[in-house]
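The next block is protein-v7.cif, given as mmCIF, C-alpha atoms.
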data_coords
loop_
_atom_site.label_atom_id
_atom_site.label_comp_id
_atom_site.auth_asym_id
_atom_site.auth_seq_id
_atom_site.Cartn_x
_atom_site.Cartn_y
_atom_site.Cartn_z
CA MET A 1 -3.22 43.14 50.47
CA SER A 2 -5.54 45.44 48.62
CA GLY A 3 -4.77 49.15 48.63
CA ALA A 4 -8.35 50.22 49.03
CA PRO A 5 -9.75 47.67 51.48
CA ASP A 6 -12.98 46.19 50.18
CA PRO A 7 -15.39 46.04 53.09
CA LYS A 8 -17.60 43.37 51.51
CA PRO A 9 -15.75 41.03 49.12
CA ARG A 10 -18.09 39.89 46.41
CA ARG A 11 -19.36 36.36 47.11
CA TRP A 12 -19.15 35.14 43.55
CA ALA A 13 -15.50 36.08 43.26
CA MET A 14 -14.71 33.37 45.83
CA TRP A 15 -15.84 30.70 43.35
CA LEU A 16 -13.93 32.12 40.43
CA PRO A 17 -10.71 30.06 40.90
CA LEU A 18 -12.72 26.86 41.25
CA ALA A 19 -14.73 27.70 38.13
CA LEU A 20 -11.53 28.39 36.20
CA PHE A 21 -10.08 25.09 37.40
CA ALA A 22 -13.24 23.21 36.42
CA GLY A 23 -13.06 24.79 32.98
CA PHE A 24 -9.46 23.69 32.64
CA VAL A 25 -10.30 20.12 33.68
CA GLY A 26 -13.13 20.17 31.14
CA LEU A 27 -10.73 21.14 28.37
CA VAL A 28 -8.32 18.38 29.36
CA LEU A 29 -11.13 15.82 29.41
CA ILE A 30 -12.27 16.86 25.93
CA GLY A 31 -8.71 16.41 24.68
CA LEU A 32 -8.47 13.05 26.41
CA PHE A 33 -11.71 11.48 25.26
CA ARG A 34 -12.23 13.22 21.93
CA PRO A 35 -8.71 13.66 20.59
CA ALA A 36 -8.27 15.67 17.44
CA PRO A 37 -8.06 13.56 14.28
CA ARG A 38 -4.56 12.29 13.64
CA GLU A 39 -5.01 12.08 9.91
CA VAL A 40 -3.10 14.63 7.88
CA GLU A 41 -5.09 15.62 4.81
CA SER A 42 -3.33 16.49 1.62
CA ALA A 43 -3.37 20.21 0.90
CA LEU A 44 -3.42 19.48 -2.83
CA ILE A 45 -7.14 18.76 -3.12
CA GLY A 46 -8.50 21.00 -5.86
CA LYS A 47 -5.05 21.35 -7.36
CA PRO A 48 -3.47 19.56 -10.31
CA LEU A 49 -1.61 16.32 -9.75
CA PRO A 50 2.13 16.98 -9.31
CA ALA A 51 4.27 15.80 -12.20
CA PHE A 52 5.84 12.36 -11.74
CA ALA A 53 6.87 9.30 -13.70
CA LEU A 54 7.32 5.97 -11.91
CA PRO A 55 8.72 2.69 -13.22
CA PRO A 56 6.44 -0.37 -13.18
CA ALA A 57 6.04 -2.09 -9.81
CA SER A 58 4.78 -5.30 -11.39
CA ALA A 59 5.61 -7.21 -14.54
CA SER A 60 1.90 -7.44 -15.36
CA ARG A 61 1.22 -3.68 -15.56
CA PRO A 62 3.00 -0.63 -16.97
CA GLY A 63 4.44 2.06 -14.71
CA LEU A 64 2.58 5.26 -13.92
CA ALA A 65 3.19 8.83 -15.02
CA SER A 66 1.10 11.83 -13.98
CA SER A 67 0.68 12.73 -17.67
CA GLU A 68 -1.34 9.53 -18.14
CA MET A 69 -3.93 10.60 -15.60
CA GLY A 70 -6.34 13.26 -16.75
CA GLY A 71 -7.28 11.62 -20.03
CA GLY A 72 -10.81 13.03 -19.88
CA LYS A 73 -12.25 10.49 -17.44
CA PRO A 74 -11.95 10.54 -13.64
CA ARG A 75 -9.74 7.85 -12.14
CA LEU A 76 -8.83 6.55 -8.74
CA LEU A 77 -5.22 6.75 -7.64
CA ASN A 78 -4.61 4.19 -4.92
CA VAL A 79 -1.50 4.52 -2.76
CA PHE A 80 -0.77 1.08 -1.31
CA ALA A 81 1.93 -1.36 -0.27
CA SER A 82 2.14 -5.13 -0.01
CA TRP A 83 3.42 -4.79 3.58
CA CYS A 84 0.37 -2.78 4.60
CA ILE A 85 -2.34 -4.91 6.19
CA PRO A 86 -5.31 -2.54 5.67
CA CYS A 87 -4.39 -2.48 1.96
CA ALA A 88 -5.47 -6.12 1.72
CA VAL A 89 -8.70 -5.24 3.56
CA GLU A 90 -9.72 -2.75 0.87
CA ALA A 91 -8.93 -5.10 -2.05
CA PRO A 92 -12.51 -6.44 -2.48
CA GLN A 93 -13.88 -2.88 -2.56
CA LEU A 94 -11.33 -1.82 -5.19
CA ALA A 95 -12.13 -4.98 -7.18
CA ALA A 96 -15.84 -4.13 -7.08
CA LEU A 97 -15.18 -0.58 -8.30
CA ALA A 98 -12.94 -1.92 -11.08
CA ARG A 99 -15.72 -4.32 -12.17
CA GLU A 100 -18.07 -1.33 -12.44
CA GLY A 101 -15.62 0.16 -14.92
CA VAL A 102 -13.82 2.61 -12.64
CA ALA A 103 -10.25 3.14 -13.83
CA ILE A 104 -7.81 2.59 -10.96
CA ASP A 105 -4.10 3.29 -10.96
CA GLY A 106 -1.80 2.25 -8.14
CA ILE A 107 1.38 3.48 -6.52
CA ALA A 108 3.27 0.88 -4.50
CA ILE A 109 5.22 2.53 -1.67
CA ARG A 110 8.62 1.13 -0.63
CA ASP A 111 7.83 -2.24 -2.11
CA ARG A 112 9.84 -5.07 -3.65
CA ARG A 113 8.64 -6.22 -7.08
CA GLU A 114 8.19 -9.85 -5.98
CA ASP A 115 6.19 -8.73 -2.93
CA VAL A 116 3.89 -6.67 -5.16
CA GLU A 117 3.37 -9.73 -7.42
CA ALA A 118 2.52 -11.89 -4.41
CA PHE A 119 0.15 -9.22 -3.07
CA LEU A 120 -1.66 -8.96 -6.42
CA THR A 121 -1.90 -12.75 -6.76
CA ARG A 122 -3.35 -13.00 -3.28
CA ASN A 123 -5.71 -10.02 -3.35
CA GLY A 124 -6.49 -9.53 -7.04
CA ASN A 125 -5.32 -6.79 -9.36
CA PRO A 126 -7.77 -3.95 -9.98
CA PHE A 127 -5.07 -1.64 -11.35
CA ALA A 128 -4.57 -0.40 -14.91
CA ARG A 129 -1.05 0.80 -14.10
CA ILE A 130 1.16 0.45 -11.04
CA GLY A 131 4.09 2.75 -10.33
CA ALA A 132 6.84 1.86 -7.89
CA ASP A 133 7.71 4.62 -5.40
CA ASP A 134 10.76 3.24 -3.61
CA VAL A 135 11.62 6.27 -1.46
CA SER A 136 8.10 7.73 -0.99
CA ALA A 137 9.03 10.66 -3.23
CA VAL A 138 5.73 10.73 -5.13
CA GLN A 139 3.82 10.01 -1.94
CA MET A 140 5.36 13.19 -0.50
CA ALA A 141 4.68 15.13 -3.68
CA LEU A 142 1.02 14.12 -3.33
CA GLY A 143 0.81 15.18 0.30
CA SER A 144 -0.04 11.64 1.31
CA SER A 145 1.13 10.59 4.75
CA GLY A 146 0.41 6.89 4.84
CA VAL A 147 -0.97 3.78 3.19
CA PRO A 148 -3.56 3.12 2.07
CA GLU A 149 -4.87 6.35 0.64
CA THR A 150 -7.04 6.83 -2.42
CA PHE A 151 -7.30 9.97 -4.52
CA VAL A 152 -10.06 10.84 -6.95
CA VAL A 153 -8.43 12.52 -9.95
CA ASP A 154 -10.72 14.15 -12.51
CA GLY A 155 -10.46 14.13 -16.30
CA LYS A 156 -8.21 17.19 -16.28
CA GLY A 157 -5.76 15.66 -13.84
CA VAL A 158 -6.97 17.69 -10.84
CA ILE A 159 -7.12 15.97 -7.44
CA ARG A 160 -10.72 16.17 -6.30
CA TYR A 161 -10.92 14.02 -3.21
CA GLN A 162 -8.70 12.09 -0.83
CA HIS A 163 -9.79 9.04 1.10
CA ILE A 164 -7.47 8.30 4.03
CA GLY A 165 -7.27 4.74 5.31
CA GLU A 166 -8.71 1.55 3.87
CA ILE A 167 -11.86 1.67 1.76
CA ARG A 168 -14.44 -0.30 3.73
CA PRO A 169 -17.69 -1.49 2.13
CA GLU A 170 -19.52 1.52 3.58
CA HIS A 171 -17.13 3.93 1.83
CA VAL A 172 -17.75 2.64 -1.71
CA ALA A 173 -20.92 4.68 -2.27
CA LEU A 174 -19.12 7.87 -1.21
CA LEU A 175 -16.27 7.18 -3.64
CA ARG A 176 -18.75 6.50 -6.43
CA ARG A 177 -20.39 9.85 -5.70
CA LYS A 178 -17.02 11.64 -5.68
CA LEU A 179 -16.18 10.03 -9.03
CA GLU A 180 -19.52 11.20 -10.45
CA GLU A 181 -18.88 14.73 -9.17
CA ALA A 182 -15.42 14.64 -10.72
CA ALA A 183 -16.93 13.58 -14.06
CA ARG A 184 -19.12 16.70 -14.23
CA MET B 1 -12.99 1.56 28.37
CA ARG B 2 -13.40 -0.50 25.23
CA SER B 3 -12.45 2.37 23.00
CA PHE B 4 -9.42 2.93 25.21
CA LEU B 5 -8.38 -0.72 24.76
CA PHE B 6 -8.82 -0.37 21.01
CA ALA B 7 -6.73 2.78 21.03
CA ALA B 8 -4.02 1.02 23.04
CA ALA B 9 -4.13 -1.95 20.66
CA ALA B 10 -3.85 0.42 17.69
CA LEU B 11 -0.79 2.03 19.22
CA ILE B 12 0.88 -1.35 19.54
CA ALA B 13 -0.23 -2.51 16.11
CA ALA B 14 0.86 0.52 14.09
CA PRO B 15 4.62 -0.20 14.17
CA LEU B 16 3.95 -3.76 13.01
CA MET B 17 2.18 -2.54 9.90
CA ALA B 18 5.06 -0.33 8.89
CA GLN B 19 7.40 -3.21 8.18
CA ASP B 20 8.87 -2.97 4.76
CA THR B 21 12.15 -4.48 3.78
CA MET B 22 13.31 -1.88 1.29
CA PRO B 23 16.65 -0.16 1.88
CA PRO B 24 16.41 3.39 3.26
CA ALA B 25 16.40 6.38 0.91
CA PRO B 26 19.92 7.54 -0.09
CA TYR B 27 20.14 10.44 2.38
CA ALA B 28 17.97 9.04 5.17
CA HIS B 29 20.95 8.14 7.36
CA ARG B 30 23.71 9.84 5.45
CA GLN B 31 24.78 13.42 5.98
CA LEU B 32 25.48 15.78 3.13
CA ASP B 33 29.17 16.06 2.30
CA ASP B 34 29.17 19.84 2.72
CA PRO B 35 28.98 20.54 6.50
CA ALA B 36 27.37 23.96 5.96
CA LEU B 37 24.58 22.48 3.84
CA GLU B 38 24.14 19.61 6.30
CA ALA B 39 23.79 22.09 9.17
CA LYS B 40 21.17 23.97 7.16
CA ALA B 41 19.30 20.76 6.41
CA HIS B 42 19.53 19.52 10.00
CA ASP B 43 18.22 22.77 11.48
CA LEU B 44 15.28 22.55 9.11
CA MET B 45 14.64 18.86 9.86
CA LEU B 46 14.37 19.61 13.57
CA THR B 47 11.36 21.82 12.81
CA LEU B 48 9.52 19.42 10.49
CA ARG B 49 6.97 16.99 11.82
CA CYS B 50 7.18 13.29 11.12
CA LEU B 51 3.73 12.45 9.78
CA LYS B 52 3.88 8.83 10.91
CA CYS B 53 4.99 9.45 14.48
CA GLN B 54 3.37 12.82 15.10
CA GLY B 55 5.06 14.67 17.93
CA GLN B 56 8.55 13.80 16.72
CA SER B 57 10.56 15.76 14.23
CA ILE B 58 11.86 13.97 11.16
CA ALA B 59 15.37 14.44 12.56
CA ASP B 60 14.40 12.43 15.66
CA SER B 61 12.20 9.78 14.15
CA ASP B 62 13.15 6.31 13.07
CA ALA B 63 10.06 5.79 10.91
CA LYS B 64 10.75 4.83 7.31
CA MET B 65 8.73 7.78 6.10
CA ALA B 66 10.78 10.16 8.26
CA GLY B 67 13.89 8.71 6.61
CA ASP B 68 12.37 9.34 3.20
CA MET B 69 11.50 12.90 4.25
CA ARG B 70 15.06 13.51 5.52
CA SER B 71 16.43 12.27 2.24
CA GLN B 72 14.06 14.54 0.33
CA VAL B 73 14.97 17.57 2.47
CA ARG B 74 18.72 16.92 2.15
CA GLN B 75 18.47 16.48 -1.61
CA MET B 76 16.49 19.71 -2.00
CA ILE B 77 18.98 21.60 0.18
CA ALA B 78 21.88 20.05 -1.75
CA ALA B 79 20.21 21.24 -4.96
CA GLY B 80 20.55 24.78 -3.66
CA GLU B 81 17.08 25.42 -2.26
CA GLU B 82 16.67 27.62 0.80
CA PRO B 83 15.34 25.92 3.95
CA GLU B 84 12.25 28.13 4.00
CA ALA B 85 11.50 27.17 0.39
CA VAL B 86 11.70 23.48 1.34
CA ARG B 87 9.40 24.13 4.31
CA GLY B 88 7.03 25.93 1.95
CA TRP B 89 7.11 22.97 -0.44
CA LEU B 90 6.03 20.64 2.38
CA ILE B 91 3.39 23.05 3.74
CA GLU B 92 1.95 23.28 0.22
CA ARG B 93 1.37 19.52 0.40
CA TYR B 94 0.62 18.74 4.02
CA GLY B 95 -0.58 22.08 5.40
CA ASP B 96 0.83 24.00 8.38
CA TYR B 97 0.72 20.85 10.52
CA VAL B 98 3.94 19.54 8.98
CA SER B 99 5.95 22.49 10.31
CA TYR B 100 6.77 23.16 13.95
CA ALA B 101 7.65 26.79 13.23
CA PRO B 102 4.54 28.84 13.94
CA ARG B 103 3.25 31.19 11.25
CA ILE B 104 1.03 34.22 11.70
CA THR B 105 -2.08 33.56 9.64
CA ALA B 106 -5.72 34.64 9.71
CA LEU B 107 -6.30 31.70 12.05
CA THR B 108 -3.32 32.05 14.40
CA TRP B 109 -2.94 35.82 14.94
CA PRO B 110 -4.99 35.86 18.18
CA LEU B 111 -2.36 33.59 19.73
CA PHE B 112 0.24 36.27 19.14
CA VAL B 113 -1.96 39.26 20.01
CA LEU B 114 -3.55 37.82 23.15
CA PRO B 115 -0.37 37.86 25.31
CA LEU B 116 0.18 41.52 24.40
CA VAL B 117 -3.42 42.34 25.32
CA LEU B 118 -3.05 40.50 28.64
CA LEU B 119 0.23 42.29 29.39
CA ALA B 120 -1.36 45.64 28.66
CA LEU B 121 -4.32 44.73 30.86
CA ALA B 122 -2.00 43.67 33.69
CA ALA B 123 -0.03 46.91 33.39
CA LEU B 124 -3.24 48.89 33.54
CA LEU B 125 -4.52 47.04 36.61
CA LEU B 126 -1.16 47.30 38.42
CA ARG B 127 -0.94 51.00 37.67
CA ARG B 128 -4.40 51.55 39.10
CA ARG B 129 -3.48 49.58 42.18
CA PHE B 130 -0.18 51.37 42.81
CA THR B 131 -1.56 54.85 42.20
CA GLY B 132 -4.47 53.93 44.45
CA ARG B 133 -2.09 53.07 47.31
CA ARG B 134 -0.26 56.38 47.05
CA SER B 135 -3.39 58.48 47.26
#

Now that the file is in, can you turn its structure into structure tokens?
Amino acid sequence: MSGAPDPKPRRWAMWLPLALFAGFVGLVLIGLFRPAPREVESALIGKPLPAFALPPASASRPGLASSEMGGGKPRLLNVFASWCIPCAVEAPQLAALAREGVAIDGIAIRDRREDVEAFLTRNGNPFARIGADDVSAVQMALGSSGVPETFVVDGKGVIRYQHIGEIRPEHVALLRRKLEEAAR
Amino acid sequence: MRSFLFAAAALIAAPLMAQDTMPPAPYAHRQLDDPALEAKAHDLMLTLRCLKCQGQSIADSDAKMAGDMRSQVRQMIAAGEEPEAVRGWLIERYGDYVSYAPRITALTWPLFVLPLVLLALAALLLRRRFTGRRS
């Protein structure tokens, strides 16, 4: 095979294919047991909120326009839906934050008005305003890929932090800290 | 094993959570009237990732969000935007992950350079071997 015949093939070279194969199996196992995160973060963190104006999703609260966020105080922008089960899970945490005086606005994704009312009656209403996003247009503009998601928006209307998934009790302290950072 | 069961359960549960009863966005299942624009939009949609059902393009996916994304893409194309501008609009929001068309960036250039390096290396080794045989 070889042009210049090697009288003594190097011993270690014999193990090279096996080592390469073991390395490959290792890579596959890493991918199998520690898959990369499936969450898609918004690329708009650190950037101003995109302009939008949504009609009210509930009779009890006005609609939501981007111009109303950024009034000098940081706010939470909660992307939710009545048909989303984890959104009910995070309701007590949002209620607690609202009781502490945190301003929370909501965007209801692909939701019927009567379903939003029922959801708010069942889970409480921590929102100052709720916009209805019937075709996920604002969700897309925000770079949000699911419900629930919560954005921290600072007093200038800049998105400072994105929380993906439901806010569990252990996440509340982190959100409080992000709100404090956004207030500086 | 337990984490695997949880993962399997999550896979089954996810479609159940995405049940909303709202009608689809206007252009989710409707083509644009102009065939040339529709072809433009469709070619683009084949190279955009559905963020709900990652691994499918928004042209292939039945997820509600994919429908909303199709509608958005078609409306932007109908408004006269170029496909690459629409792709850029989405990348601005979701990052490179939303696009299936690879870009050469500070992070990805080795992927493009490495095959060239390997080819050059192979050519060098083969040349040495062939010239070695002749001598």

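Nearest residue to Ala28 of chain B among B:Asp62, B:Asp68, B:Asp96, B:Glu82 is B:Asp68, counting only C-alpha atoms.
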
Q: Output the contact residues of chain A with respect to chain B at a cut-off of 9 Å, based on all atoms listed in the file, as a ChimeraX atom specification.
A: /A:2-4,33,38-44,81-86,110-112,134-137,140-146

Q. For this file, the PyMOL selection byres ((chain A and resi 184) around 12) selects which residues, as a PyMOL selection string?
A. chain A and resi 72-74+154-156+160+177-183

Six-sided padding of 3 Å per side, axis-aligned box over segment 23-33 of chain A, centre and edges in Å, one decimal, as AutoDock Vina command-line options:
--center_x -10.7 --center_y 18.1 --center_z 29.2 --size_x 10.8 --size_y 19.3 --size_z 15.0

Q. What does the PyMOL selection byres ((chain A and resi 168) around 9) select in this file, as a PyMOL selection string?
A. chain A and resi 89-90+92-93+165-167+169-172

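Take atom CA of Arg10 of chain A and atom CA of Val117 of chain B: the distance between them is 25.8 Å.
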
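By all atoms listed in the file, and with residues fewer than 2 positions from Asp105 of chain A along its chain excluded, the set lying at most 8 Å from it is Leu64, Arg75, Leu76, Leu77, Asn78, Ala103, Ile107, Phe127, Ala128, Arg129 and Ile130 of chain A.
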
Would you output that residue set with C-alpha atoms, as a PDB file, keeping the file's coordinate frame?
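Saved the output as part-v3.pdb:
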ATOM      1  CA  LEU A  64       2.580   5.260 -13.920  1.00  0.00           C
ATOM      2  CA  ARG A  75      -9.740   7.850 -12.140  1.00  0.00           C
ATOM      3  CA  LEU A  76      -8.830   6.550  -8.740  1.00  0.00           C
ATOM      4  CA  LEU A  77      -5.220   6.750  -7.640  1.00  0.00           C
ATOM      5  CA  ASN A  78      -4.610   4.190  -4.920  1.00  0.00           C
ATOM      6  CA  ALA A 103     -10.250   3.140 -13.830  1.00  0.00           C
ATOM      7  CA  ILE A 107       1.380   3.480  -6.520  1.00  0.00           C
ATOM      8  CA  PHE A 127      -5.070  -1.640 -11.350  1.00  0.00           C
ATOM      9  CA  ALA A 128      -4.570  -0.400 -14.910  1.00  0.00           C
ATOM     10  CA  ARG A 129      -1.050   0.800 -14.100  1.00  0.00           C
ATOM     11  CA  ILE A 130       1.160   0.450 -11.040  1.00  0.00           C
TER      12      ILE A 130
END

Q) Written as a ChimeraX atom specification, which residues does the PyMOL selection byres ((chain A and resi 150) around 7) give for the file shown? A) /A:76-79,148-149,151-152,162-164

Store the residues picked out above in a file with C-alpha atoms, as a tab-separated table (two decimals), keeping the file's coordinate frame.
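This went into result28.tsv:
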chain	number	residue	atom	x	y	z
A	76	LEU	CA	-8.83	6.55	-8.74
A	77	LEU	CA	-5.22	6.75	-7.64
A	78	ASN	CA	-4.61	4.19	-4.92
A	79	VAL	CA	-1.50	4.52	-2.76
A	148	PRO	CA	-3.56	3.12	2.07
A	149	GLU	CA	-4.87	6.35	0.64
A	151	PHE	CA	-7.30	9.97	-4.52
A	152	VAL	CA	-10.06	10.84	-6.95
A	162	GLN	CA	-8.70	12.09	-0.83
A	163	HIS	CA	-9.79	9.04	1.10
A	164	ILE	CA	-7.47	8.30	4.03

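If you look at atom CA of Leu124 of chain B and atom CA of Leu18 of chain A, they are 25.2 Å away from each other.
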
For a cut-off of 7 Å around (8.9, 19.7, 13.1), file coordinates, pick out all residues using all atoms listed in the file and list them as a CSV table (one decimal) with C-alpha atoms, in the frame of the given file.
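Output below, filename result.csv:
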chain,number,residue,atom,x,y,z
B,45,MET,CA,14.6,18.9,9.9
B,46,LEU,CA,14.4,19.6,13.6
B,47,THR,CA,11.4,21.8,12.8
B,48,LEU,CA,9.5,19.4,10.5
B,49,ARG,CA,7.0,17.0,11.8
B,50,CYS,CA,7.2,13.3,11.1
B,56,GLN,CA,8.6,13.8,16.7
B,57,SER,CA,10.6,15.8,14.2
B,58,ILE,CA,11.9,14.0,11.2
B,98,VAL,CA,3.9,19.5,9.0
B,99,SER,CA,6.0,22.5,10.3
B,100,TYR,CA,6.8,23.2,14.0

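Computed from the coordinates, the atom CA of Gly71 of chain A to atom CA of Ile109 of chain A distance equals 24.0 Å.
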
(Q) Given the point (20.1, 22.9, 5.6) in the file's coordinates, find the residues that have an atom at most 12 Å from it, counting all atoms listed in the file, and give them as number ranges by chain. (A) B: 31-47, 59, 70-87

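The shortest atom-to-atom distance to Leu94 of chain A, with all atoms listed in the file taken into account, belongs to A:Asn125 out of A:Arg34, A:Pro17, A:Val153, A:Asn125.
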